[in-house]
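A.B. asks: Data: my_file_5.txt, compact mmCIF, C-alpha atoms.
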```
# COMPACT_ATOMS: atom_id res chain seq x y z
CA PRO O 17 17.82 -33.74 -37.14
CA SER O 18 15.51 -31.08 -35.80
CA LEU O 19 16.11 -28.93 -32.74
CA ALA O 20 12.41 -28.17 -32.43
CA ALA O 21 11.52 -31.88 -32.45
CA ARG O 22 14.30 -32.60 -29.90
CA GLU O 23 16.19 -34.80 -32.34
CA ALA O 24 19.41 -32.82 -31.69
CA ASP O 25 20.92 -30.95 -28.74
CA LEU O 26 22.57 -28.30 -30.92
CA THR O 27 23.01 -27.51 -34.56
CA VAL O 28 25.34 -25.73 -36.94
CA THR O 29 23.09 -24.17 -39.53
CA LEU O 30 22.92 -21.64 -42.35
CA GLU O 31 19.75 -20.12 -40.94
CA PRO O 32 19.23 -19.54 -37.23
CA PRO O 33 15.93 -20.62 -35.64
CA ARG O 34 13.27 -17.95 -36.13
CA SER O 35 10.96 -18.95 -33.33
CA GLY O 36 11.27 -20.71 -30.01
CA ARG O 37 13.68 -20.30 -27.13
CA TYR O 38 17.24 -20.87 -28.32
CA TYR O 39 20.72 -19.71 -27.59
CA VAL O 40 22.10 -18.64 -30.95
CA THR O 41 25.48 -17.25 -31.93
CA ARG O 42 27.21 -16.45 -35.17
CA LEU O 43 29.83 -19.16 -35.55
CA THR O 44 31.73 -17.96 -38.63
CA GLN O 45 31.60 -16.59 -42.13
CA LEU O 46 31.81 -19.52 -44.56
CA ARG O 47 33.18 -19.13 -48.06
CA TYR O 48 32.38 -21.35 -51.00
CA ASP O 49 34.62 -21.31 -54.08
CA LEU O 50 34.32 -22.93 -57.51
CA TYR O 51 36.67 -25.89 -57.97
CA GLY O 52 37.60 -28.42 -60.62
CA SER O 53 40.06 -31.27 -60.85
CA ALA O 54 43.21 -30.80 -62.93
CA GLU O 55 42.03 -33.69 -65.12
CA TYR O 56 38.61 -32.13 -65.78
CA LEU O 57 40.08 -28.70 -66.47
CA ALA O 58 42.70 -30.13 -68.87
CA GLN O 59 40.11 -32.10 -70.85
CA HIS O 60 37.55 -29.31 -71.27
CA ARG O 61 37.39 -25.88 -72.81
CA PRO O 62 39.47 -23.35 -70.82
CA ILE O 63 37.71 -21.17 -68.27
CA ARG O 64 39.16 -17.66 -68.38
CA GLN O 65 36.00 -15.67 -67.65
CA ARG O 66 32.47 -16.25 -66.36
CA ALA O 67 31.03 -16.66 -69.88
CA ASP O 68 33.36 -19.65 -70.42
CA LEU O 69 31.38 -21.61 -67.80
CA THR O 70 28.54 -22.12 -70.27
CA GLY O 71 28.46 -25.73 -71.38
CA HIS O 72 30.63 -27.00 -68.55
CA ARG O 73 29.41 -29.84 -66.37
CA PHE O 74 28.51 -29.03 -62.77
CA VAL O 75 28.33 -30.93 -59.52
CA ASP O 76 25.75 -29.51 -57.10
CA TYR O 77 23.17 -30.25 -54.44
CA VAL O 78 19.98 -32.15 -55.24
CA GLN O 79 17.76 -29.12 -55.77
CA ASP O 80 14.58 -30.77 -54.46
CA TYR O 81 16.19 -31.66 -51.11
CA LEU O 82 18.03 -28.50 -50.10
CA LEU O 83 18.15 -27.81 -46.38
CA SER O 84 18.18 -24.09 -47.16
CA ASP O 85 17.51 -21.92 -50.19
CA SER O 86 20.85 -20.24 -49.43
CA LEU O 87 22.46 -23.34 -51.02
CA ARG O 88 21.19 -22.27 -54.44
CA TYR O 89 24.45 -20.39 -54.95
CA LEU O 90 24.95 -21.40 -58.59
CA ASP O 91 21.66 -19.65 -59.38
CA GLU O 92 22.68 -16.67 -57.26
CA LEU O 93 25.92 -16.39 -59.23
CA GLY O 94 23.84 -16.11 -62.40
CA LEU O 95 24.78 -19.49 -63.81
CA ASP O 96 22.55 -21.87 -65.73
CA PRO O 97 24.44 -25.01 -64.80
CA GLN O 98 24.33 -28.32 -66.61
CA ARG O 99 24.15 -30.52 -63.51
CA VAL O 100 25.64 -33.95 -64.19
CA PHE O 101 25.90 -35.08 -60.59
CA ALA O 102 23.86 -34.01 -57.59
CA ALA O 103 24.12 -35.12 -53.97
CA THR O 104 22.54 -34.11 -50.69
CA GLY O 105 25.94 -33.84 -49.00
CA MET O 106 29.00 -31.76 -49.78
CA GLN O 107 31.47 -34.61 -49.13
CA ALA O 108 29.93 -36.57 -52.03
CA GLN O 109 30.17 -33.46 -54.20
CA TYR O 110 33.84 -33.08 -53.27
CA GLU O 111 34.56 -36.69 -54.30
CA ALA O 112 32.67 -36.26 -57.59
CA ILE O 113 34.67 -33.12 -58.41
CA CYS O 114 37.93 -34.90 -57.51
CA CYS O 115 36.95 -37.73 -59.89
CA GLY O 116 36.54 -35.24 -62.72
CA LEU O 117 32.77 -35.43 -63.14
CA GLY O 118 32.45 -31.64 -63.28
CA ILE O 119 33.16 -28.40 -61.48
CA GLY O 120 31.35 -27.23 -58.37
CA MET O 121 31.15 -24.98 -55.36
CA LEU O 122 32.76 -26.26 -52.18
CA ALA O 123 33.24 -24.91 -48.68
CA ARG O 124 36.85 -24.02 -47.95
CA TYR O 125 37.17 -26.46 -45.04
CA LEU O 126 36.79 -29.42 -47.43
CA VAL O 127 39.63 -28.39 -49.73
CA GLN O 128 42.83 -28.88 -47.78
CA PRO O 129 46.25 -27.69 -49.10
CA ALA O 130 47.12 -31.20 -50.36
CA SER O 131 43.84 -31.43 -52.28
CA PRO O 132 44.09 -32.11 -56.02
CA LEU O 133 41.45 -29.47 -56.75
CA ILE O 134 42.04 -26.12 -58.44
CA ARG O 135 40.03 -22.97 -57.77
CA VAL O 136 38.29 -21.69 -60.89
CA LEU O 137 37.92 -17.93 -61.43
CA PRO O 138 38.87 -17.23 -57.80
CA ALA O 139 38.39 -13.47 -58.08
CA GLU O 140 34.71 -13.73 -59.00
CA MET O 141 33.28 -17.22 -58.48
CA TRP O 142 32.74 -17.35 -54.75
CA ILE O 143 29.96 -16.80 -52.29
CA GLU O 144 29.79 -16.35 -48.54
CA ARG O 145 27.28 -17.47 -45.97
CA VAL O 146 27.10 -17.25 -42.19
CA LEU O 147 27.18 -20.39 -40.08
CA TRP O 148 25.12 -20.20 -36.90
CA LEU O 149 25.35 -22.31 -33.76
CA ALA O 150 22.06 -22.87 -31.93
CA ALA O 151 20.82 -24.89 -28.96
CA PRO O 152 17.46 -24.98 -27.17
CA ALA O 153 17.61 -22.76 -24.07
CA ASP O 154 16.94 -25.67 -21.68
CA MET O 155 19.66 -27.80 -23.31
CA PHE O 156 22.27 -25.05 -23.38
CA ALA O 157 22.84 -25.40 -19.62
CA ARG O 158 23.79 -29.08 -19.94
CA ARG O 159 27.48 -29.79 -19.71
CA ARG O 160 27.62 -32.07 -22.77
CA VAL O 161 26.03 -29.37 -24.92
CA ARG O 162 28.35 -26.65 -23.62
CA VAL O 163 31.43 -28.86 -24.19
CA VAL O 164 30.52 -29.36 -27.87
CA TRP O 165 29.47 -25.70 -28.22
CA ASP O 166 32.81 -24.50 -26.85
CA PHE O 167 34.74 -27.05 -28.94
CA LEU O 168 33.12 -25.86 -32.18
CA ARG O 169 33.77 -22.22 -31.34
CA GLY O 170 37.37 -23.16 -30.51
CA VAL O 171 37.92 -24.88 -33.87
CA VAL O 172 36.70 -21.79 -35.71
CA ALA O 173 38.85 -19.49 -33.57
CA ALA O 174 41.97 -21.66 -33.96
CA GLU O 175 41.74 -22.15 -37.74
CA PRO O 176 39.71 -19.32 -39.27
CA GLU O 177 41.29 -19.81 -42.70
CA LEU O 178 39.43 -23.12 -43.01
CA PHE O 179 36.22 -21.16 -43.41
CA GLY O 180 37.19 -18.14 -45.47
CA PRO O 181 39.60 -15.27 -45.96
CA GLY O 182 37.61 -12.76 -43.89
CA ASN O 183 37.86 -14.76 -40.67
CA ARG O 184 41.16 -13.57 -39.29
```
Output the file's structure as C-alpha cells, nothing else.
C.D. replies:
Amino acid sequence: PSLAAREADLTVTLEPPRSGRYYVTRLTQLRYDLYGSAEYLAQHRPIRQRADLTGHRFVDYVQDYLLSDSLRYLDELGLDPQRVFAATGMQAQYEAICCGLGIGMLARYLVQPASPLIRVLPAEMWIERVLWLAAPADMFARRRVRVVWDFLRGVVAAEPELFGPGNR
C-alpha cells in the first residue's frame, strides 16, 4: 500500500518518504542475521568461514519485486548466492529455511528463542537497516493513526532485543 496514493494511513518502511508532507520518525535499528536449520546444516558442508558459503543453497527475496534495494543484502555481503527459493515476504523465507531448503538472512524479530534455526557465522554475516515510521501530515492528527503510531513505538521500546543488539 502507498502512502502517497492514500492506500495506507501509516507505514513502517526501510526508506522514509523523500517528498510530500509526512511525519517521519526513526523507529528502530533492524538487524538481519544468516540462519539455517539444524537439518540443513548437518546435511551440507560445514560453514566455518565466509568462503565456505560458496555452493550452499540460499533462500532470499524475489529480486525483481524488491520493495527496496536495501534488501539486496546478500549482494552487499559480497555473496554470489545460489538461490533455490525466493519469496516476496520474509515469513515465507523463514518457513523455507525452517524446512531445510537453504540458508538465508532473517530479521531478528522472526527468530524467537524457541526457533529451530541456528545463526551461521554470527560474528560476520549480519547487516543492519533502519526502520522508519511515516504518516501523511493530515492523517497524523487522527486518533486511530496516533494510537497505532504510539503502539508500534511502544513495542520497539518494550522489546528492543527483537530488532537487534544495538537497541538497548
A.B. asks: List every protein, DNA or RNA residue that has an atom no more than 9 Å from (41.3, -24.1, -42.4) in the file's coordinate frame, counting all atoms listed in the file, and report them as a list in words.
C.D. replies: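 I get Arg124, Tyr125, Leu126, Val127, Gln128, Val172, Ala174, Glu175, Pro176, Glu177, Leu178, Phe179 and Gly180 of chain O for the residues within 9 Å of that point.
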A.B. asks: Looking at all atoms listed in the file, which of O:Ala67, O:Leu87, O:Ile119, O:Val136 is the one that sits closest to Leu46 of chain O?
C.D. replies: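 That would be O:Leu87, the residue with the smallest distance to Leu46 of chain O.
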A.B. asks: In terms of the shortest atom-to-atom distance over all atoms listed in the file, which of O:Trp142, O:Glu31, O:Thr44, O:Ala153 is closest to Val171 of chain O?
C.D. replies: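 Result for the nearest residue to Val171 of chain O: O:Thr44.
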A.B. asks: Counting only C-alpha atoms, which residues sit no farther than 12 Å from the position (21.2, -27.0, -54.7) in the file's frame? I'd like them as a ChimeraX atom specification.
C.D. replies: /O:74-92,97,99,101-106,109,120-122
A.B. asks: Measure the distance from atom CA of Cys115 of chain O to atom CA of Ser53 of chain O in Å and round it to one decimal.
C.D. replies: 7.2 Å
A.B. asks: Measuring between only C-alpha atoms, which one of O:Arg42, O:Ala150, O:Arg73, O:Trp165 shows the shortest distance to Arg61 of chain O?
C.D. replies: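 Once distances to Arg61 of chain O are computed over only C-alpha atoms, the minimum belongs to O:Arg73.
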A.B. asks: From the options O:Leu69, O:Pro32, O:Gly94, O:Tyr38, which residue's atoms come nearest to Asp154 of chain O, counting only C-alpha atoms?
C.D. replies: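 Result for the nearest residue to Asp154 of chain O: O:Tyr38.
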A.B. asks: Choose the residue, out of O:Pro129, O:Leu149, O:Ser35, O:Ile143, that has the smallest atom-to-atom separation from Asp166 of chain O; count all atoms listed in the file.
C.D. replies: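 Using all atoms listed in the file, Asp166 of chain O sits closest to O:Leu149.
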